[in-house]
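**Student:** I have a structure I would like to understand better, so I am pasting it below and will then ask my questions one at a time.
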Amino acid sequence: RLRGVVALDGPSGTGKSTVSRKLASALGASYLDTGAMYRAVTLAVLRAQVGPSDEAEVVRVVCGVELTMGTDPERPSVLLDGEDVGQEIRGPEVTAAVSAVSAVAAVRELLVAHQRELIGRALAEPGGIVVEGRDIGTVVVPDAGLKVYLTASAEARAQRRTAQDISEGRAGDLDRTHADVQRRDALDSGRTVAPLRKADDALELDTTDLDVAGVLEQLHKHVESRG
Ligand code: C5P
């Protein structure tokens, strides 16, 4: 049954979100952005004026919120206690705090359980699901039918993130984004629980010199060869 899952992992700025959504659309699959879930609970933590490193308080806040994820790749959505927070979770405050919140083991347990439930629900429908994150192939769905690990040089990733910020109406600052990308990579790869890493059986795809169409072409080939 889990063969219907495509797991896409990798650091930020590899084009993961764009290609995951487009792949899901083309396959008639659902789409789950797990980063949006970590971002939404981080927003709740910040709104509660809890320091992201105060683990007990972080867990208390996260246990008390309701996350509703829309899994249509044409219009994915994130509701926090019924409020659409899709824009706010991309802002600099959440981006600065999300790695600390997502390093808390109890937060991950709660969100991984929720992710598995959403994946199970999607698999009851035809089409399967494309799931993107950091630990999908290693922890959330180790039996996924296809696992891809996207990489790209830090420069390329900072450039993409900056272009994305500008196109979505946020301030774009290449140096700041470059520093942020490297800081989050170090935190996400260095944490004890579910660190960012390629699953042994994941296919690695370096997107530094590929555009979106080029990455999608590779992904479609692998989806087809998976049978
Ligand atoms: O993918 P995105 O950049 O939105 O993810 C934001 C943050 O959420 C990551 O930097 C990471 O700290 C955390 N995350 C995670 N596990 C996932 C997805 C995201 O820890 N599966």
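Ordering of the structure tokens sets the chain letters (A, B, ...); residue numbers start at 1 within each chain; ligands are numbered from 1 in the order shown.
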Counting only C-alpha atoms and all ligand atoms, name the residues that have an atom within 8 Å of an atom of ligand 1; the answer should be given as a PDB file with C-alpha atoms, in the first residue's frame.

**Tutor:**
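result.pdb, written as the output of this step:
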```
ATOM      1  CA  ASP A   9      13.483  14.929   1.206  1.00  0.00           C
ATOM      2  CA  PRO A  11      17.463  20.750   2.535  1.00  0.00           C
ATOM      3  CA  SER A  12      15.718  24.029   1.778  1.00  0.00           C
ATOM      4  CA  GLY A  13      16.075  25.729  -1.592  1.00  0.00           C
ATOM      5  CA  LYS A  16      11.486  20.523  -3.347  1.00  0.00           C
ATOM      6  CA  SER A  17       8.129  22.251  -2.826  1.00  0.00           C
ATOM      7  CA  ASP A  33       4.061  19.606   2.883  1.00  0.00           C
ATOM      8  CA  THR A  34       5.371  18.472   6.275  1.00  0.00           C
ATOM      9  CA  GLY A  35       7.562  21.595   6.579  1.00  0.00           C
ATOM     10  CA  ALA A  36       4.341  23.632   6.667  1.00  0.00           C
ATOM     11  CA  MET A  37       3.239  21.577   9.687  1.00  0.00           C
ATOM     12  CA  TYR A  38       6.474  22.323  11.608  1.00  0.00           C
ATOM     13  CA  ARG A  39       6.145  25.974  10.570  1.00  0.00           C
ATOM     14  CA  ARG A  90       6.751  31.750   5.482  1.00  0.00           C
ATOM     15  CA  THR A  95      11.809  30.666   9.608  1.00  0.00           C
ATOM     16  CA  VAL A  98      11.333  26.489  13.193  1.00  0.00           C
ATOM     17  CA  SER A  99      14.506  24.410  13.436  1.00  0.00           C
ATOM     18  CA  ALA A 100      14.566  24.735  17.242  1.00  0.00           C
ATOM     19  CA  VAL A 101      10.910  23.731  17.582  1.00  0.00           C
ATOM     20  CA  SER A 102      11.272  20.827  15.149  1.00  0.00           C
ATOM     21  CA  ALA A 103      14.253  19.461  17.106  1.00  0.00           C
ATOM     22  CA  ARG A 108       8.107  15.310  16.116  1.00  0.00           C
ATOM     23  CA  GLU A 132       7.937  16.382   1.138  1.00  0.00           C
ATOM     24  CA  GLY A 133      10.118  17.046   4.173  1.00  0.00           C
ATOM     25  CA  ARG A 134      13.385  16.153   5.852  1.00  0.00           C
ATOM     26  CA  ASP A 135      12.712  12.704   7.350  1.00  0.00           C
ATOM     27  CA  ILE A 136      10.000  11.217   5.131  1.00  0.00           C
ATOM     28  CA  ARG A 184      19.104  25.665   9.161  1.00  0.00           C
ATOM     29  CA  ASP A 185      21.036  22.930   7.327  1.00  0.00           C
ATOM     30  CA  LEU A 187      20.639  22.538  12.797  1.00  0.00           C
ATOM     31  CA  ASP A 188      18.484  20.102  10.789  1.00  0.00           C
ATOM     32  CA  ALA A 194      15.365  12.360  12.880  1.00  0.00           C
ATOM     33  CA  PRO A 195      18.231  14.446  11.458  1.00  0.00           C
ATOM     34  CA  LEU A 196      18.155  15.465   7.815  1.00  0.00           C
TER      35      LEU A 196
END
```

**Student:** Could you pull out the strand (DSSP E or B) residues of range 77-226 of chain A, going by DSSP on the backbone, and write them as JSON, numbers by chain?

**Tutor:** {"A": [77, 78, 79, 80, 83, 84, 129, 130, 131, 132, 133, 146, 147, 148, 149, 150, 151, 203, 204, 205, 206]}

**Student:** Quick one: of A:Val148, A:Leu8, A:Ile129, A:Cys63, who's nearest to Asp201 in chain A, counting only C-alpha atoms?

**Tutor:**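 The shortest atom-to-atom distance to Asp201 in chain A comes from A:Val148.
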
**Student:** From the options A:Arg3, A:Arg157, A:Lys22, A:Lys147, which residue's atoms come nearest to Lys198 in chain A, counting only C-alpha atoms?

**Tutor:** A:Lys147

**Student:** Any idea what the distance is between CA of Leu23 in chain A and CA of Pro126 in chain A?

**Tutor:** 15.2 Å

**Student:** Might you pull out every residue within 8 Å of Val212 in chain A, with only C-alpha atoms counted and same-chain residues fewer than 4 positions away left off, and present them as a VMD selection string?

**Tutor:** chain A and resid 15 18 to 19 216

**Student:** Could you turn the residues from that selection into a file that holds N, CA and C atoms, as a compact mmCIF listing (two decimals), in the first residue's frame?

**Tutor:**
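Resulting contents of out-v7.txt:
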```
# COMPACT_ATOMS: atom_id res chain seq x y z
N GLY A 15 14.27 23.29 -4.46
CA GLY A 15 13.14 23.27 -5.39
C GLY A 15 12.13 22.19 -5.01
N THR A 18 8.21 23.12 -5.08
CA THR A 18 7.68 23.32 -6.43
C THR A 18 7.56 22.00 -7.16
N VAL A 19 8.62 21.19 -7.14
CA VAL A 19 8.55 19.95 -7.91
C VAL A 19 7.62 18.94 -7.24
N LEU A 216 11.64 17.58 -12.89
CA LEU A 216 10.40 16.81 -13.07
C LEU A 216 10.60 15.67 -14.06
```

**Student:** Distance CA of Ile89 in chain A-CA of Ala40 in chain A, one decimal place?

**Tutor:**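 Taking CA of Ile89 in chain A as the start and CA of Ala40 in chain A as the end point, the length is 5.9 Å.
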
**Student:** Using DSSP secondary structure from the backbone, list all alpha helix (DSSP H) positions within range 36-217 of chain A, as a PyMOL selection string.

**Tutor:** chain A and resi 36-47+55-63+92-102+105-123+154-167+174-190+212-217

**Student:** Keeping C-alpha atoms for every residue in the selection just given, could you write it to a file as an mmCIF file, in the first residue's frame?

**Tutor:**
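What landed in out.cif:
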```cif
data_model
loop_
_atom_site.group_PDB
_atom_site.id
_atom_site.type_symbol
_atom_site.label_atom_id
_atom_site.label_comp_id
_atom_site.auth_asym_id
_atom_site.auth_seq_id
_atom_site.Cartn_x
_atom_site.Cartn_y
_atom_site.Cartn_z
ATOM 1 C CA ALA A 36 4.341 23.632 6.667
ATOM 2 C CA MET A 37 3.239 21.577 9.687
ATOM 3 C CA TYR A 38 6.474 22.323 11.608
ATOM 4 C CA ARG A 39 6.145 25.974 10.570
ATOM 5 C CA ALA A 40 2.515 26.224 11.726
ATOM 6 C CA VAL A 41 3.209 24.820 15.192
ATOM 7 C CA THR A 42 6.217 27.140 15.415
ATOM 8 C CA LEU A 43 3.886 30.067 14.706
ATOM 9 C CA ALA A 44 1.654 28.880 17.556
ATOM 10 C CA VAL A 45 4.696 28.738 19.871
ATOM 11 C CA LEU A 46 5.746 32.283 18.928
ATOM 12 C CA ARG A 47 2.200 33.611 19.344
ATOM 13 C CA GLU A 55 10.870 22.390 25.560
ATOM 14 C CA ALA A 56 8.168 21.803 28.165
ATOM 15 C CA GLU A 57 6.252 24.922 27.165
ATOM 16 C CA VAL A 58 6.725 24.213 23.467
ATOM 17 C CA VAL A 59 5.199 20.763 23.900
ATOM 18 C CA ARG A 60 2.317 22.194 25.921
ATOM 19 C CA VAL A 61 1.487 24.677 23.141
ATOM 20 C CA VAL A 62 1.831 22.120 20.344
ATOM 21 C CA CYS A 63 -0.425 19.612 22.157
ATOM 22 C CA PRO A 92 11.237 35.521 8.850
ATOM 23 C CA GLU A 93 10.129 35.036 12.488
ATOM 24 C CA VAL A 94 8.866 31.512 11.876
ATOM 25 C CA THR A 95 11.809 30.666 9.608
ATOM 26 C CA ALA A 96 14.224 31.734 12.367
ATOM 27 C CA ALA A 97 12.538 29.606 15.050
ATOM 28 C CA VAL A 98 11.333 26.489 13.193
ATOM 29 C CA SER A 99 14.506 24.410 13.436
ATOM 30 C CA ALA A 100 14.566 24.735 17.242
ATOM 31 C CA VAL A 101 10.910 23.731 17.582
ATOM 32 C CA SER A 102 11.272 20.827 15.149
ATOM 33 C CA ALA A 105 11.343 14.904 20.138
ATOM 34 C CA ALA A 106 7.779 15.153 21.485
ATOM 35 C CA VAL A 107 6.845 17.691 18.802
ATOM 36 C CA ARG A 108 8.107 15.310 16.116
ATOM 37 C CA GLU A 109 6.189 12.377 17.623
ATOM 38 C CA LEU A 110 2.943 14.322 17.490
ATOM 39 C CA LEU A 111 3.466 15.578 13.952
ATOM 40 C CA VAL A 112 4.741 12.254 12.571
ATOM 41 C CA ALA A 113 1.605 10.535 13.925
ATOM 42 C CA HIS A 114 -0.542 13.201 12.275
ATOM 43 C CA GLN A 115 1.416 12.840 9.000
ATOM 44 C CA ARG A 116 0.934 9.062 8.961
ATOM 45 C CA GLU A 117 -2.778 9.510 9.504
ATOM 46 C CA LEU A 118 -3.037 11.971 6.590
ATOM 47 C CA ILE A 119 -0.980 9.640 4.385
ATOM 48 C CA GLY A 120 -3.183 6.677 5.302
ATOM 49 C CA ARG A 121 -6.268 8.667 4.397
ATOM 50 C CA ALA A 122 -4.788 9.731 1.046
ATOM 51 C CA LEU A 123 -3.826 6.130 0.225
ATOM 52 C CA ALA A 154 24.300 26.323 -0.991
ATOM 53 C CA GLU A 155 24.645 29.210 -3.478
ATOM 54 C CA ALA A 156 21.961 27.835 -5.790
ATOM 55 C CA ARG A 157 19.659 27.198 -2.846
ATOM 56 C CA ALA A 158 20.094 30.722 -1.436
ATOM 57 C CA GLN A 159 19.391 32.179 -4.881
ATOM 58 C CA ARG A 160 16.201 30.148 -5.279
ATOM 59 C CA ARG A 161 14.928 31.027 -1.826
ATOM 60 C CA THR A 162 15.592 34.714 -2.465
ATOM 61 C CA ALA A 163 13.832 34.622 -5.848
ATOM 62 C CA GLN A 164 10.894 32.838 -4.201
ATOM 63 C CA ASP A 165 10.705 35.454 -1.416
ATOM 64 C CA ILE A 166 10.643 38.276 -3.969
ATOM 65 C CA SER A 167 8.057 36.606 -6.198
ATOM 66 C CA LEU A 174 20.620 37.045 -0.751
ATOM 67 C CA ASP A 175 23.302 37.301 1.969
ATOM 68 C CA ARG A 176 20.805 36.889 4.771
ATOM 69 C CA THR A 177 19.105 33.985 2.999
ATOM 70 C CA HIS A 178 22.458 32.315 2.315
ATOM 71 C CA ALA A 179 23.325 32.532 6.019
ATOM 72 C CA ASP A 180 19.864 31.287 6.986
ATOM 73 C CA VAL A 181 20.014 28.311 4.603
ATOM 74 C CA GLN A 182 23.371 27.263 6.066
ATOM 75 C CA ARG A 183 22.246 27.780 9.655
ATOM 76 C CA ARG A 184 19.104 25.665 9.161
ATOM 77 C CA ASP A 185 21.036 22.930 7.327
ATOM 78 C CA ALA A 186 23.463 22.678 10.241
ATOM 79 C CA LEU A 187 20.639 22.538 12.797
ATOM 80 C CA ASP A 188 18.484 20.102 10.789
ATOM 81 C CA SER A 189 21.420 17.771 10.002
ATOM 82 C CA GLY A 190 22.943 17.985 13.469
ATOM 83 C CA VAL A 212 12.064 22.714 -12.591
ATOM 84 C CA ALA A 213 11.211 20.963 -15.870
ATOM 85 C CA GLY A 214 14.544 19.104 -15.768
ATOM 86 C CA VAL A 215 13.959 17.858 -12.218
ATOM 87 C CA LEU A 216 10.401 16.809 -13.069
ATOM 88 C CA GLU A 217 11.604 14.897 -16.090
#
```

**Student:** What's around Gly70 in chain A at 9 Å? Count only C-alpha atoms, leave out sequence neighbours fewer than 5 positions away in its own chain, and write the answer as number ranges by chain.

**Tutor:** A: 31-32, 75-79

**Student:** Would you write out those residues with C-alpha atoms, as a PDB file, in the first residue's frame?

**Tutor:**
```pdb
ATOM      1  CA  TYR A  31       0.372  16.390  -1.663  1.00  0.00           C
ATOM      2  CA  LEU A  32       1.610  16.867   1.900  1.00  0.00           C
ATOM      3  CA  ARG A  75      -4.206  24.620  -3.520  1.00  0.00           C
ATOM      4  CA  PRO A  76      -2.459  23.201  -0.471  1.00  0.00           C
ATOM      5  CA  SER A  77      -3.542  24.869   2.758  1.00  0.00           C
ATOM      6  CA  VAL A  78      -2.602  25.019   6.420  1.00  0.00           C
ATOM      7  CA  LEU A  79      -5.118  25.957   9.078  1.00  0.00           C
TER       8      LEU A  79
END
```

**Student:** Could you tell me how far CA of Leu80 in chain A sits from CA of Gly28 in chain A, in Å to one decimal place?

**Tutor:**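 Computing it gives 26.3 Å between the two atoms.
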
**Student:** From the set A:Val139, A:Leu219, A:Ala199, A:Val131, which residue has the shortest atom-to-atom contact distance to Ser30 in chain A, counting only C-alpha atoms?

**Tutor:**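 Looking only at the distances to Ser30 in chain A, the closest residue turns out to be A:Val131.
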
**Student:** From the list A:His222, A:Tyr149, A:Asp211, A:Gly91, which residue is nearest Ala171 in chain A when using only C-alpha atoms?

**Tutor:**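 Smallest separation from Ala171 in chain A among the options: A:Gly91.
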